[in-house]
file model-v3.cif (mmCIF, C-alpha atoms)
data_model
#
loop_
_atom_site.label_atom_id
_atom_site.label_comp_id
_atom_site.auth_asym_id
_atom_site.auth_seq_id
_atom_site.Cartn_x
_atom_site.Cartn_y
_atom_site.Cartn_z
CA GLN A 1 -22.11 39.84 -1.19
CA LEU A 2 -23.22 36.82 -3.15
CA GLN A 3 -26.27 36.68 -5.36
CA LEU A 4 -27.78 33.45 -6.60
CA VAL A 5 -30.17 33.07 -9.50
CA GLU A 6 -31.84 29.73 -10.12
CA SER A 7 -32.94 28.39 -13.48
CA GLY A 8 -34.55 25.24 -14.80
CA GLY A 9 -37.15 23.19 -13.03
CA GLY A 10 -40.60 22.44 -14.37
CA SER A 11 -42.83 19.40 -14.74
CA VAL A 12 -41.80 15.92 -15.79
CA GLN A 13 -43.19 12.39 -15.72
CA PRO A 14 -41.80 9.79 -13.32
CA GLY A 15 -38.50 8.48 -14.61
CA GLY A 16 -37.76 11.75 -16.37
CA PHE A 17 -34.84 14.18 -16.25
CA LEU A 18 -34.53 17.82 -15.20
CA ARG A 19 -31.60 20.13 -14.67
CA LEU A 20 -31.51 22.99 -12.20
CA GLY A 21 -28.99 25.80 -12.52
CA CYS A 22 -27.60 28.12 -9.85
CA THR A 23 -25.74 31.13 -11.23
CA VAL A 24 -23.43 32.76 -8.69
CA SER A 25 -22.36 36.38 -8.78
CA GLY A 26 -20.00 38.09 -6.36
CA LEU A 27 -17.46 35.25 -6.15
CA THR A 28 -16.11 32.66 -8.55
CA LEU A 29 -17.24 29.04 -8.28
CA ASN A 30 -13.88 28.02 -6.84
CA ASP A 31 -14.47 30.33 -3.88
CA VAL A 32 -17.85 28.91 -2.85
CA ALA A 33 -19.63 25.81 -1.71
CA VAL A 34 -23.12 25.36 -3.14
CA GLY A 35 -25.93 23.35 -1.62
CA TRP A 36 -29.31 22.34 -2.96
CA PHE A 37 -32.28 22.06 -0.64
CA ARG A 38 -35.91 21.24 -1.25
CA GLN A 39 -39.20 21.76 0.52
CA ALA A 40 -42.37 19.88 -0.31
CA PRO A 41 -45.80 21.11 0.82
CA GLY A 42 -46.33 20.33 4.50
CA LYS A 43 -42.77 19.08 4.98
CA GLN A 44 -39.60 20.52 6.41
CA ARG A 45 -36.84 21.72 4.14
CA GLU A 46 -34.25 19.02 3.53
CA GLY A 47 -30.75 19.02 2.14
CA VAL A 48 -30.40 17.26 -1.21
CA ALA A 49 -26.81 17.67 -2.36
CA CYS A 50 -23.86 20.01 -2.00
CA ILE A 51 -20.48 20.63 -3.59
CA TRP A 52 -17.29 22.42 -2.64
CA ASN A 53 -16.27 23.45 -6.12
CA ARG A 54 -12.51 23.94 -5.81
CA GLY A 55 -11.96 20.44 -4.50
CA SER A 56 -14.97 18.86 -6.25
CA VAL A 57 -16.02 17.41 -2.90
CA THR A 58 -19.68 16.42 -2.90
CA SER A 59 -22.30 15.09 -0.52
CA TYR A 60 -25.69 13.62 -1.38
CA ALA A 61 -28.76 12.71 0.62
CA ASN A 62 -29.44 8.97 0.64
CA SER A 63 -32.76 9.56 -1.12
CA VAL A 64 -31.08 11.02 -4.23
CA ARG A 65 -27.64 9.37 -4.32
CA GLY A 66 -27.12 7.73 -7.70
CA ARG A 67 -29.89 9.77 -9.32
CA MET A 68 -28.59 13.33 -8.93
CA THR A 69 -25.19 14.67 -9.91
CA PHE A 70 -23.41 17.99 -10.33
CA ASP A 71 -22.12 19.72 -13.41
CA ARG A 72 -20.45 23.10 -13.63
CA ASP A 73 -20.00 25.81 -16.25
CA TYR A 74 -17.13 27.96 -15.04
CA ALA A 75 -17.55 30.43 -17.92
CA LYS A 76 -21.08 31.14 -16.71
CA ASN A 77 -20.25 30.73 -13.01
CA THR A 78 -23.10 28.25 -12.79
CA VAL A 79 -23.56 25.01 -10.86
CA PHE A 80 -26.08 22.53 -12.24
CA LEU A 81 -27.95 19.83 -10.36
CA GLN A 82 -28.79 17.08 -12.84
CA MET A 83 -31.75 15.01 -11.71
CA ARG A 84 -32.44 11.62 -13.31
CA SER A 85 -35.02 8.91 -12.70
CA LEU A 86 -37.23 11.44 -11.00
CA GLU A 87 -39.93 10.19 -8.65
CA PRO A 88 -43.14 11.80 -7.39
CA ASP A 89 -41.46 12.19 -3.98
CA ASP A 90 -38.96 14.53 -5.62
CA THR A 91 -41.74 17.09 -6.12
CA ALA A 92 -40.80 20.23 -4.18
CA VAL A 93 -39.49 23.77 -4.43
CA TYR A 94 -35.73 23.51 -4.84
CA TYR A 95 -33.41 26.17 -3.46
CA CYS A 96 -29.73 26.68 -4.09
CA ALA A 97 -27.61 28.16 -1.33
CA ALA A 98 -23.98 29.20 -1.10
CA LEU A 99 -21.24 30.27 1.25
CA GLY A 100 -17.75 31.57 0.63
CA VAL A 101 -14.93 29.08 1.35
CA SER A 102 -11.30 30.15 1.64
CA SER A 103 -9.82 27.07 3.37
CA ASP A 104 -7.74 24.43 1.61
CA TYR A 105 -10.33 21.73 2.27
CA TYR A 106 -14.04 21.90 2.96
CA ARG A 107 -16.62 19.18 3.41
CA CYS A 108 -19.97 20.72 2.60
CA VAL A 109 -22.99 19.79 4.70
CA LEU A 110 -26.66 19.27 4.03
CA ARG A 111 -27.79 21.55 6.87
CA SER A 112 -29.10 25.04 6.22
CA GLU A 113 -27.13 26.98 8.79
CA PRO A 114 -23.71 27.41 7.19
CA TYR A 115 -25.23 28.78 3.99
CA THR A 116 -25.64 32.53 4.08
CA PHE A 117 -26.99 33.23 0.61
CA TRP A 118 -30.06 31.69 -0.98
CA GLY A 119 -31.72 31.61 -4.37
CA GLN A 120 -35.35 32.35 -5.06
CA GLY A 121 -36.48 28.74 -5.47
CA ALA A 122 -37.58 26.67 -8.47
CA GLN A 123 -40.59 24.36 -8.64
CA VAL A 124 -40.03 20.75 -9.64
CA THR A 125 -43.13 18.64 -10.20
CA VAL A 126 -42.97 14.92 -10.96
CA SER A 127 -46.33 13.52 -11.94
CA SER A 128 -47.93 11.25 -14.49
#
call {"tool": "encode", "arguments": {"input": "model-v3.cif", "output": "C-alpha cells"}}
result
Amino acid sequence: QLQLVESGGGSVQPGGFLRLGCTVSGLTLNDVAVGWFRQAPGKQREGVACIWNRGSVTSYANSVRGRMTFDRDYAKNTVFLQMRSLEPDDTAVYYCAALGVSSDYYRCVLRSEPYTFWGQGAQVTVSS
C-alpha cells in the first residue's frame, strides 16, 4: 500500500517559481512511477508531467514542457516538480499520483487511470 504526502505550493506572481514535493511511503522511488495532475476551478483534471524513476523516463504536457522539470531526493523518497515561469493559467490544485512498476521499462502516461494512489492536493495560485 502506497501513501503519498504532498508539500510545497502556495502563491506566486507571474514568472515566479514554486516547487511541489511528493513523498512516497510503502515503496522506494525506483519501484514507482509518479504523475502530477492539476484541476482548476470549473475545469477537468489534466495530466501535467510524470516520471518513471528507475529509468528516469519522463513525459510532459505541451502546456508545461520547458517550464517544469523533475528532481528527486532518494534519501527522503521524494519526487519534486519544479515549476518555473509560472503563468496565471497554471493556477490549480495539484495532485501527485503513483503506481508500482516492476517491469524493465515503463513509459508513464498523463491519464489518471493507471495511477492507483493519490496525494491530498496542493494549491498553486499564480496572480499579480
call {"tool": "resolve_selection", "arguments": {"input": "model-v3.cif", "expression": "the PyMOL selection byres ((chain A and resi 89-97) around 6)", "output": "list of chain:residue names"}}
result
A:Val34, A:Gly35, A:Trp36, A:Phe37, A:Arg38, A:Gln39, A:Ala40, A:Glu87, A:Pro88, A:Ala98, A:Tyr115, A:Phe117, A:Trp118, A:Gly119, A:Gly121, A:Ala122, A:Gln123, A:Val124, A:Thr125, A:Val126
call {"tool": "atom_distance", "arguments": {"input": "model-v3.cif", "atom1": "atom CA of A:Met83", "atom2": "atom CA of A:Ser128"}}
result
16.8 Å
call {"tool": "resolve_selection", "arguments": {"input": "model-v3.cif", "expression": "the PyMOL selection byres ((chain A and resi 13) around 8)", "output": "list in words"}}
result
Ser11, Val12, Pro14, Gly15, Gly16, Leu86, Val126, Ser127 and Ser128 of chain A
call {"tool": "write_last_selection", "arguments": {"input": "model-v3.cif", "atoms": "C-alpha atoms", "output": "PDB file, keeping the file's coordinate frame"}}
result
ATOM      1  CA  SER A  11     -42.830  19.400 -14.740  1.00  0.00           C
ATOM      2  CA  VAL A  12     -41.800  15.920 -15.790  1.00  0.00           C
ATOM      3  CA  PRO A  14     -41.800   9.790 -13.320  1.00  0.00           C
ATOM      4  CA  GLY A  15     -38.500   8.480 -14.610  1.00  0.00           C
ATOM      5  CA  GLY A  16     -37.760  11.750 -16.370  1.00  0.00           C
ATOM      6  CA  LEU A  86     -37.230  11.440 -11.000  1.00  0.00           C
ATOM      7  CA  VAL A 126     -42.970  14.920 -10.960  1.00  0.00           C
ATOM      8  CA  SER A 127     -46.330  13.520 -11.940  1.00  0.00           C
ATOM      9  CA  SER A 128     -47.930  11.250 -14.490  1.00  0.00           C
TER      10      SER A 128
END
call {"tool": "atom_distance", "arguments": {"input": "model-v3.cif", "atom1": "atom CA of A:Arg45", "atom2": "atom CA of A:Tyr74"}}
result
28.2 Å
call {"tool": "closest_atom_pairs", "arguments": {"input": "model-v3.cif", "of": "stretch 55-105 of chain A", "to": "stretch 26-29 of chain A", "cutoff": "10 Å", "atoms": "all atoms listed in the file", "output": "tab-separated table"}}
result
residue	atom	partner	partner_atom	distance
A:Arg72	CA	A:Leu29	CA	8.6
A:Asp73	CA	A:Leu29	CA	9.0
A:Tyr74	CA	A:Leu29	CA	6.8
A:Ala75	CA	A:Thr28	CA	9.7
A:Lys76	CA	A:Leu29	CA	9.5
A:Asn77	CA	A:Leu29	CA	5.9
A:Thr78	CA	A:Leu29	CA	7.4
A:Val79	CA	A:Leu29	CA	7.9
A:Ala98	CA	A:Leu29	CA	9.8
A:Leu99	CA	A:Leu27	CA	9.7
A:Gly100	CA	A:Leu27	CA	7.7
A:Val101	CA	A:Leu29	CA	9.9
call {"tool": "resolve_selection", "arguments": {"input": "model-v3.cif", "expression": "the PyMOL selection byres ((chain A and resi 56) around 12)", "output": "mmCIF file with C-alpha atoms, in the coordinates of the input"}}
result
data_model
loop_
_atom_site.group_PDB
_atom_site.id
_atom_site.type_symbol
_atom_site.label_atom_id
_atom_site.label_comp_id
_atom_site.auth_asym_id
_atom_site.auth_seq_id
_atom_site.Cartn_x
_atom_site.Cartn_y
_atom_site.Cartn_z
ATOM 1 C CA LEU A 29 -17.240 29.040 -8.280
ATOM 2 C CA ASN A 30 -13.880 28.020 -6.840
ATOM 3 C CA ASP A 31 -14.470 30.330 -3.880
ATOM 4 C CA VAL A 32 -17.850 28.910 -2.850
ATOM 5 C CA ALA A 33 -19.630 25.810 -1.710
ATOM 6 C CA VAL A 34 -23.120 25.360 -3.140
ATOM 7 C CA CYS A 50 -23.860 20.010 -2.000
ATOM 8 C CA ILE A 51 -20.480 20.630 -3.590
ATOM 9 C CA TRP A 52 -17.290 22.420 -2.640
ATOM 10 C CA ASN A 53 -16.270 23.450 -6.120
ATOM 11 C CA ARG A 54 -12.510 23.940 -5.810
ATOM 12 C CA GLY A 55 -11.960 20.440 -4.500
ATOM 13 C CA VAL A 57 -16.020 17.410 -2.900
ATOM 14 C CA THR A 58 -19.680 16.420 -2.900
ATOM 15 C CA SER A 59 -22.300 15.090 -0.520
ATOM 16 C CA THR A 69 -25.190 14.670 -9.910
ATOM 17 C CA PHE A 70 -23.410 17.990 -10.330
ATOM 18 C CA ASP A 71 -22.120 19.720 -13.410
ATOM 19 C CA ARG A 72 -20.450 23.100 -13.630
ATOM 20 C CA VAL A 79 -23.560 25.010 -10.860
ATOM 21 C CA TYR A 105 -10.330 21.730 2.270
ATOM 22 C CA TYR A 106 -14.040 21.900 2.960
ATOM 23 C CA ARG A 107 -16.620 19.180 3.410
ATOM 24 C CA CYS A 108 -19.970 20.720 2.600
#
call {"tool": "atom_distance", "arguments": {"input": "model-v3.cif", "atom1": "atom CA of A:Arg67", "atom2": "atom CA of A:Phe17"}}
result
9.6 Å
call {"tool": "residues_near_point", "arguments": {"input": "model-v3.cif", "point": "(-30.0, 17.9, -15.3)", "cutoff": "7 Å", "atoms": "only C-alpha atoms", "output": "count of residues only"}}
result
8
call {"tool": "closest_residue", "arguments": {"input": "model-v3.cif", "among": "A:Gly21, A:Gly66, A:Glu46, A:Val5", "to": "A:Gln120", "atoms": "only C-alpha atoms"}}
result
A:Val5
call {"tool": "build_atoms", "arguments": {"input": "model-v3.cif", "residues": "stretch 93-125 of chain A", "atoms": "N, CA and C atoms", "output": "mmCIF file, keeping the file's coordinate frame"}}
result
data_model
loop_
_atom_site.group_PDB
_atom_site.id
_atom_site.type_symbol
_atom_site.label_atom_id
_atom_site.label_comp_id
_atom_site.auth_asym_id
_atom_site.auth_seq_id
_atom_site.Cartn_x
_atom_site.Cartn_y
_atom_site.Cartn_z
ATOM 1 N N VAL A 93 -40.211 22.567 -4.014
ATOM 2 C CA VAL A 93 -39.490 23.770 -4.430
ATOM 3 C C VAL A 93 -38.022 23.559 -4.053
ATOM 4 N N TYR A 94 -37.156 23.722 -5.030
ATOM 5 C CA TYR A 94 -35.730 23.510 -4.840
ATOM 6 C C TYR A 94 -35.019 24.859 -4.721
ATOM 7 N N TYR A 95 -34.157 24.951 -3.715
ATOM 8 C CA TYR A 95 -33.410 26.170 -3.460
ATOM 9 C C TYR A 95 -31.914 25.893 -3.544
ATOM 10 N N CYS A 96 -31.181 26.771 -4.193
ATOM 11 C CA CYS A 96 -29.730 26.680 -4.090
ATOM 12 C C CYS A 96 -29.273 27.674 -3.024
ATOM 13 N N ALA A 97 -28.175 27.336 -2.393
ATOM 14 C CA ALA A 97 -27.610 28.160 -1.330
ATOM 15 C C ALA A 97 -26.095 28.118 -1.459
ATOM 16 N N ALA A 98 -25.435 29.142 -0.946
ATOM 17 C CA ALA A 98 -23.980 29.200 -1.100
ATOM 18 C C ALA A 98 -23.333 29.888 0.088
ATOM 19 N N LEU A 99 -22.059 29.563 0.283
ATOM 20 C CA LEU A 99 -21.240 30.270 1.250
ATOM 21 C C LEU A 99 -19.830 30.355 0.681
ATOM 22 N N GLY A 100 -19.123 31.406 1.070
ATOM 23 C CA GLY A 100 -17.750 31.570 0.630
ATOM 24 C C GLY A 100 -16.836 30.634 1.413
ATOM 25 N N VAL A 101 -15.883 29.995 0.726
ATOM 26 C CA VAL A 101 -14.930 29.080 1.350
ATOM 27 C C VAL A 101 -13.523 29.476 0.948
ATOM 28 N N SER A 102 -12.689 29.756 1.934
ATOM 29 C CA SER A 102 -11.300 30.150 1.640
ATOM 30 C C SER A 102 -10.290 29.104 2.126
ATOM 31 N N SER A 103 -10.742 28.066 2.831
ATOM 32 C CA SER A 103 -9.820 27.070 3.370
ATOM 33 C C SER A 103 -9.349 26.124 2.266
ATOM 34 N N ASP A 104 -8.310 25.334 2.596
ATOM 35 C CA ASP A 104 -7.740 24.430 1.610
ATOM 36 C C ASP A 104 -8.566 23.153 1.439
ATOM 37 N N TYR A 105 -9.441 22.885 2.382
ATOM 38 C CA TYR A 105 -10.330 21.730 2.270
ATOM 39 C C TYR A 105 -11.647 22.070 2.960
ATOM 40 N N TYR A 106 -12.736 21.650 2.362
ATOM 41 C CA TYR A 106 -14.040 21.900 2.960
ATOM 42 C C TYR A 106 -14.977 20.764 2.595
ATOM 43 N N ARG A 107 -15.595 20.202 3.629
ATOM 44 C CA ARG A 107 -16.620 19.180 3.410
ATOM 45 C C ARG A 107 -17.962 19.860 3.596
ATOM 46 N N CYS A 108 -18.688 20.038 2.493
ATOM 47 C CA CYS A 108 -19.970 20.720 2.600
ATOM 48 C C CYS A 108 -20.982 19.851 3.341
ATOM 49 N N VAL A 109 -21.994 20.491 3.899
ATOM 50 C CA VAL A 109 -22.990 19.790 4.700
ATOM 51 C C VAL A 109 -24.379 20.038 4.144
ATOM 52 N N LEU A 110 -25.293 19.159 4.519
ATOM 53 C CA LEU A 110 -26.660 19.270 4.030
ATOM 54 C C LEU A 110 -27.580 19.886 5.086
ATOM 55 N N ARG A 111 -27.014 20.760 5.915
ATOM 56 C CA ARG A 111 -27.790 21.550 6.870
ATOM 57 C C ARG A 111 -27.839 22.974 6.350
ATOM 58 N N SER A 112 -28.909 23.680 6.734
ATOM 59 C CA SER A 112 -29.100 25.040 6.220
ATOM 60 C C SER A 112 -28.138 26.049 6.809
ATOM 61 N N GLU A 113 -27.717 25.836 8.062
ATOM 62 C CA GLU A 113 -27.130 26.980 8.790
ATOM 63 C C GLU A 113 -25.806 27.498 8.243
ATOM 64 N N PRO A 114 -24.926 26.729 7.637
ATOM 65 C CA PRO A 114 -23.710 27.410 7.190
ATOM 66 C C PRO A 114 -23.933 28.315 5.975
ATOM 67 N N TYR A 115 -25.017 28.076 5.254
ATOM 68 C CA TYR A 115 -25.230 28.780 3.990
ATOM 69 C C TYR A 115 -25.850 30.145 4.269
ATOM 70 N N THR A 116 -25.215 31.175 3.756
ATOM 71 C CA THR A 116 -25.640 32.530 4.080
ATOM 72 C C THR A 116 -26.365 33.222 2.930
ATOM 73 N N PHE A 117 -26.326 32.625 1.751
ATOM 74 C CA PHE A 117 -26.990 33.230 0.610
ATOM 75 C C PHE A 117 -27.870 32.181 -0.061
ATOM 76 N N TRP A 118 -29.062 32.620 -0.463
ATOM 77 C CA TRP A 118 -30.060 31.690 -0.980
ATOM 78 C C TRP A 118 -30.672 32.211 -2.275
ATOM 79 N N GLY A 119 -31.007 31.263 -3.149
ATOM 80 C CA GLY A 119 -31.720 31.610 -4.370
ATOM 81 C C GLY A 119 -33.212 31.746 -4.110
ATOM 82 N N GLN A 120 -33.931 32.038 -5.182
ATOM 83 C CA GLN A 120 -35.350 32.350 -5.060
ATOM 84 C C GLN A 120 -36.229 31.118 -5.068
ATOM 85 N N GLY A 121 -35.702 29.973 -5.440
ATOM 86 C CA GLY A 121 -36.480 28.740 -5.470
ATOM 87 C C GLY A 121 -36.986 28.419 -6.868
ATOM 88 N N ALA A 122 -37.070 27.132 -7.176
ATOM 89 C CA ALA A 122 -37.580 26.670 -8.470
ATOM 90 C C ALA A 122 -38.463 25.451 -8.229
ATOM 91 N N GLN A 123 -39.636 25.460 -8.837
ATOM 92 C CA GLN A 123 -40.590 24.360 -8.640
ATOM 93 C C GLN A 123 -40.208 23.178 -9.522
ATOM 94 N N VAL A 124 -40.198 22.012 -8.916
ATOM 95 C CA VAL A 124 -40.030 20.750 -9.640
ATOM 96 C C VAL A 124 -41.238 19.889 -9.328
ATOM 97 N N THR A 125 -41.947 19.471 -10.374
ATOM 98 C CA THR A 125 -43.130 18.640 -10.200
ATOM 99 C C THR A 125 -42.958 17.351 -11.003
#
